[in-house]
Amino acid sequence: MNAPQANAAARMTYREACKQALREALLSDPRVFLMGEDIGRYGGCYAVTKGLLEEFGEERIRDTPLSESAFVGAGVGAAMAGMRPIVEIMTVNFSLLALDQIVNNAVTIPHMSGGQFAIPLVIRMATGGGRRVAAQHSRSLEGWYAHIPGLRVLTPATVEDARFMLKGALADPNPVIIFEHVMLYNMEGDLPSDMKVVEIAHAKVHRAGRDISLITYGGSLFKALEAADALAAEGIDAEVIDLRGLRPLDTKTILDSVAKTRRCVIIDEGWRSGSISAEIGMRIAEEAFFELDAPLRRVCSREAPIPFAAHLEDACLPQVATIVAVARELVRPS
Amino acid sequence: MTKKVHLDHAHLLHLLKAMIRIRHFEAKCVELYQAQKILGFLHLYDGEEAVSVGVMEALTQDDAVIATYREHGQALARGVDPKCLMAEMMGKLNGCCRGRGGSMHFFDRARRFYGGNAIVGGGLPLALGVALADKMQRRSTVTACFFGEGAVDEGEFHETLNLAKLWRLPILFVCENNLYSMGMAVERAEADTDFVHKASGYRVAGEKVDGMDVVAVESAARNAIDRIRSENDPYFLECRTYRFRAHSMFDAQLYRSKDEVEAWRKKGPIVRFQTWLEANRLIKPEELAAIEEEVDKEIAAAVAFAEAGGLEPVSEVERFVTMEAVPS
Ligand SMILES: Cc1ncc(C[n+]2csc(CCOP(=O)(O)OP(=O)(O)O)c2C)c(N)n1
């Protein structure tokens, strides 16, 4: 493998950044191993783990059969017994077969055992729609996982976060789920040359602005940024917040932004009802209601399973034009 | 068959005592339950004592154990302190899990007791992980994974056996076949009631053993563990047993007759072993009396310990939801 060094300034894809992060983890800690379907010989269904089997061997790059529950549970057990497993579930859609192990074991054992066991487990999975692969491959369920106390839910949107969040996730003694949006793998970005690790606990003001806050995460970040550019052309200065993680929520960054702009739109690829956007909106309502100059608004997915046909899929997912329209209406009500 | 079990006098008395300890501990739990000092579910192991006592005899302290929610017997046989267990039953801070787990979720890190699990089948994948971690860390330990025959119907059983064999993990699968999962009789639940045969579908070797005979269980477990270590492979033990009492305290037992239960009681592991010891003059009445007295003292001390225990302050309820560090 001719992967660029971790500390060299470089332009690379999100996919490559994920791979370099894994590679660094494997090199720096012998307790780390990868486990998942087709991560080895096949190279990972999104090619993230390509080449790692040749470099690290079968014991540490463990291809598993189709047994989500067993290999995620094995990750929990291995974490309890001293290892640092990184488990890949192909996509969030299939994580439903492993929900028992995540929800009933990984997050309950530390508490239920009175703190005798921690579960330092990292689970990576792809999430989101946009690839025309129909409902069973297009779900955005990260908001569900964010409902569960004891989990940390990370949503790296940038190449930088894809490269450096894993280190923080591995240092965390708790089960961490990293959601990688399927539409981001081919995206290119620059890595700062001096970066070693990113702080996983904080949201980031990705673009500063005065007039309205666009609060989002993951694959929707770039839609929000595009919307912000379009709004700028109309003289509306939007601030874009990348949450970077859904649990714990960095409420402070959200509230600070809203206190400044006094208006906000939450953009979330999950469905509106009971979503993380509902949680964010309610926190703002609880803690910053009197700071607001306009109602809280959301752009979420239409409440249907994501369809296959391109025009229908596009209509279901949050789109730049909708974000722009909603934001415009809040800033300049007609 | 019994070549590996050293049936000296002390060992025989030790086995008897271990089973009586479980039985008396649970009898006390029933009393405390009726007095409403123990709340929630109470799943008794009454009738199944020979299984965990026999299996645990074959393990070393370095080996690991995955338990079920019916795990009073599994925990006591593993050597977890009855005091902490009783306190846990009563939800006390001095319980083995600070009162967070209760009767279905005993954990004891020091004894490598990786927990009772109230999700049927939920412990099986954990056993994979613990065994894998040990293997990757070059420890030559065995993980004993207990589960009821009801768990065999869950997908996790099948996924786990396949992976255990594929990855050649040192796991002793202990199927406690007590013929019922709640009210579901085994022959009503299984297309094939031969569990050893099912395990063999994954090329996991195994055998049936009379789970009412503690010596037979110990012997089978010792042979199994020798085999796991020498062949570098998992092994499956189906222990045929019976639960004398209801599934839990909420169960009216409408699904089986009193006669059936009575007939099984006569074949109970304690009565059978004790009768055999007496018939062969391997135990004196005063030795039996001494065992019972010692056990009852132990349990009385456990109750006193539990009664004296405080309650975890409510302010601590969110502690350990997320951990600050991995305990070493
Ligand atoms: C996944 C799951 N489904 C259902 C239950 C409810 N339940 C608790 S115990 C039990 C029967 C289990 O029987 P078995 O595995 O044979 O163990 P036994 O109670 O006989 O020891 C059921 C259905 C559960 N706890 N977990």
# chains A, B, ... in the order shown; residues from 1 in each chain; ligands from 1
call {"tool": "select_by_dssp", "arguments": {"residues": "stretch 223-325 of chain A", "states": "strand (DSSP E or B)", "output": "list in words"}}
result
Ala238, Glu239, Val240, Ile241, Asp242, Gly245, Leu246, Arg247, Cys264, Val265, Ile266, Ile267, Asp268, Glu269, Gly270, Trp271, Arg297, Arg298, Val299, Cys300 and Ser301 of chain A
call {"tool": "residues_near_ligand", "arguments": {"ligand": "ligand 1", "cutoff": "8 Å", "atoms": "only C-alpha atoms and all ligand atoms", "output": "list of chain:residue names"}}
result
B:His43, B:Tyr45, B:Thr68, B:Tyr69, B:Arg70, B:Ala118, B:Ile119, B:Val120, B:Gly121, B:Gly122, B:Phe147, B:Gly148, B:Glu149, B:Gly150, B:Ala151, B:Val152, B:Glu154, B:Glu176, B:Asn177, B:Asn178, B:Leu179, B:Tyr180, B:Ser181, B:Met182, B:Gly183, B:Met184, B:Arg243, B:His247
call {"tool": "closest_atom_pairs", "arguments": {"of": "chain B", "to": "chain A", "cutoff": "7 Å", "atoms": "only C-alpha atoms", "output": "JSON lines"}}
result
{"residue": "B:Cys97", "atom": "CA", "partner": "A:Gly114", "partner_atom": "CA", "distance": 4.4}
{"residue": "B:Arg98", "atom": "CA", "partner": "A:Gly114", "partner_atom": "CA", "distance": 5.5}
{"residue": "B:Arg100", "atom": "CA", "partner": "A:Met112", "partner_atom": "CA", "distance": 5.0}
{"residue": "B:Gly101", "atom": "CA", "partner": "A:Met112", "partner_atom": "CA", "distance": 4.9}
{"residue": "B:Phe107", "atom": "CA", "partner": "A:Ser113", "partner_atom": "CA", "distance": 5.6}
{"residue": "B:Arg109", "atom": "CA", "partner": "A:Gln116", "partner_atom": "CA", "distance": 6.2}
{"residue": "B:Gly122", "atom": "CA", "partner": "A:Gln101", "partner_atom": "CA", "distance": 7.0}
{"residue": "B:Pro125", "atom": "CA", "partner": "A:Gly73", "partner_atom": "CA", "distance": 4.6}
{"residue": "B:Leu126", "atom": "CA", "partner": "A:Gly77", "partner_atom": "CA", "distance": 4.2}
{"residue": "B:Ala127", "atom": "CA", "partner": "A:Gly77", "partner_atom": "CA", "distance": 6.4}
{"residue": "B:Leu128", "atom": "CA", "partner": "A:Ala74", "partner_atom": "CA", "distance": 5.1}
{"residue": "B:Gly129", "atom": "CA", "partner": "A:Ala74", "partner_atom": "CA", "distance": 3.6}
{"residue": "B:Val130", "atom": "CA", "partner": "A:Gly77", "partner_atom": "CA", "distance": 4.7}
{"residue": "B:Leu132", "atom": "CA", "partner": "A:Ala78", "partner_atom": "CA", "distance": 6.4}
{"residue": "B:Ala133", "atom": "CA", "partner": "A:Ala78", "partner_atom": "CA", "distance": 4.8}
{"residue": "B:Glu156", "atom": "CA", "partner": "A:Ala70", "partner_atom": "CA", "distance": 6.1}
{"residue": "B:Glu159", "atom": "CA", "partner": "A:Ala70", "partner_atom": "CA", "distance": 5.7}
{"residue": "B:Thr160", "atom": "CA", "partner": "A:Ala70", "partner_atom": "CA", "distance": 5.7}
{"residue": "B:Phe320", "atom": "CA", "partner": "A:His111", "partner_atom": "CA", "distance": 4.8}
{"residue": "B:Val321", "atom": "CA", "partner": "A:Gly150", "partner_atom": "CA", "distance": 5.0}
{"residue": "B:Thr322", "atom": "CA", "partner": "A:Gly150", "partner_atom": "CA", "distance": 5.1}
{"residue": "B:Met323", "atom": "CA", "partner": "A:Pro173", "partner_atom": "CA", "distance": 6.0}
{"residue": "B:Glu324", "atom": "CA", "partner": "A:Pro173", "partner_atom": "CA", "distance": 6.6}
{"residue": "B:Ala325", "atom": "CA", "partner": "A:Pro173", "partner_atom": "CA", "distance": 5.4}
{"residue": "B:Val326", "atom": "CA", "partner": "A:Ala118", "partner_atom": "CA", "distance": 5.3}
{"residue": "B:Pro327", "atom": "CA", "partner": "A:Phe117", "partner_atom": "CA", "distance": 6.5}
call {"tool": "atom_distance", "arguments": {"atom1": "atom CA of A:Ser334", "atom2": "atom CA of A:Ala238"}}
result
18.6 Å
call {"tool": "residues_around", "arguments": {"residues": "B:Ala216", "least_positions_apart": "4", "cutoff": "10 Å", "atoms": "only C-alpha atoms", "output": "list of chain:residue names"}}
result
B:Met1, B:Thr2, B:Val5, B:Ala50, B:Val51, B:Gly54, B:Val55, B:Val209, B:Asp210, B:Gly211, B:Met212, B:Ala220, B:Ala221, B:Arg222, B:Cys239
call {"tool": "closest_residue", "arguments": {"among": "A:Glu37, A:Asp314, A:Glu269, A:Asp293", "to": "A:Phe94", "atoms": "only C-alpha atoms"}}
result
A:Glu37
call {"tool": "closest_residue", "arguments": {"among": "A:Val48, A:Ile177, A:Val320, A:Val103", "to": "A:Phe222", "atoms": "only C-alpha atoms"}}
result
A:Val320
call {"tool": "residues_around", "arguments": {"residues": "stretch 182-187 of chain A", "least_positions_apart": "5", "cutoff": "6 Å", "atoms": "only C-alpha atoms", "output": "number ranges by chain"}}
result
A: 13-15, 126-127
call {"tool": "closest_residue", "arguments": {"among": "A:Ile306, A:Cys18, A:Leu34, A:Leu312", "to": "A:Gly270", "atoms": "only C-alpha atoms"}}
result
A:Ile306
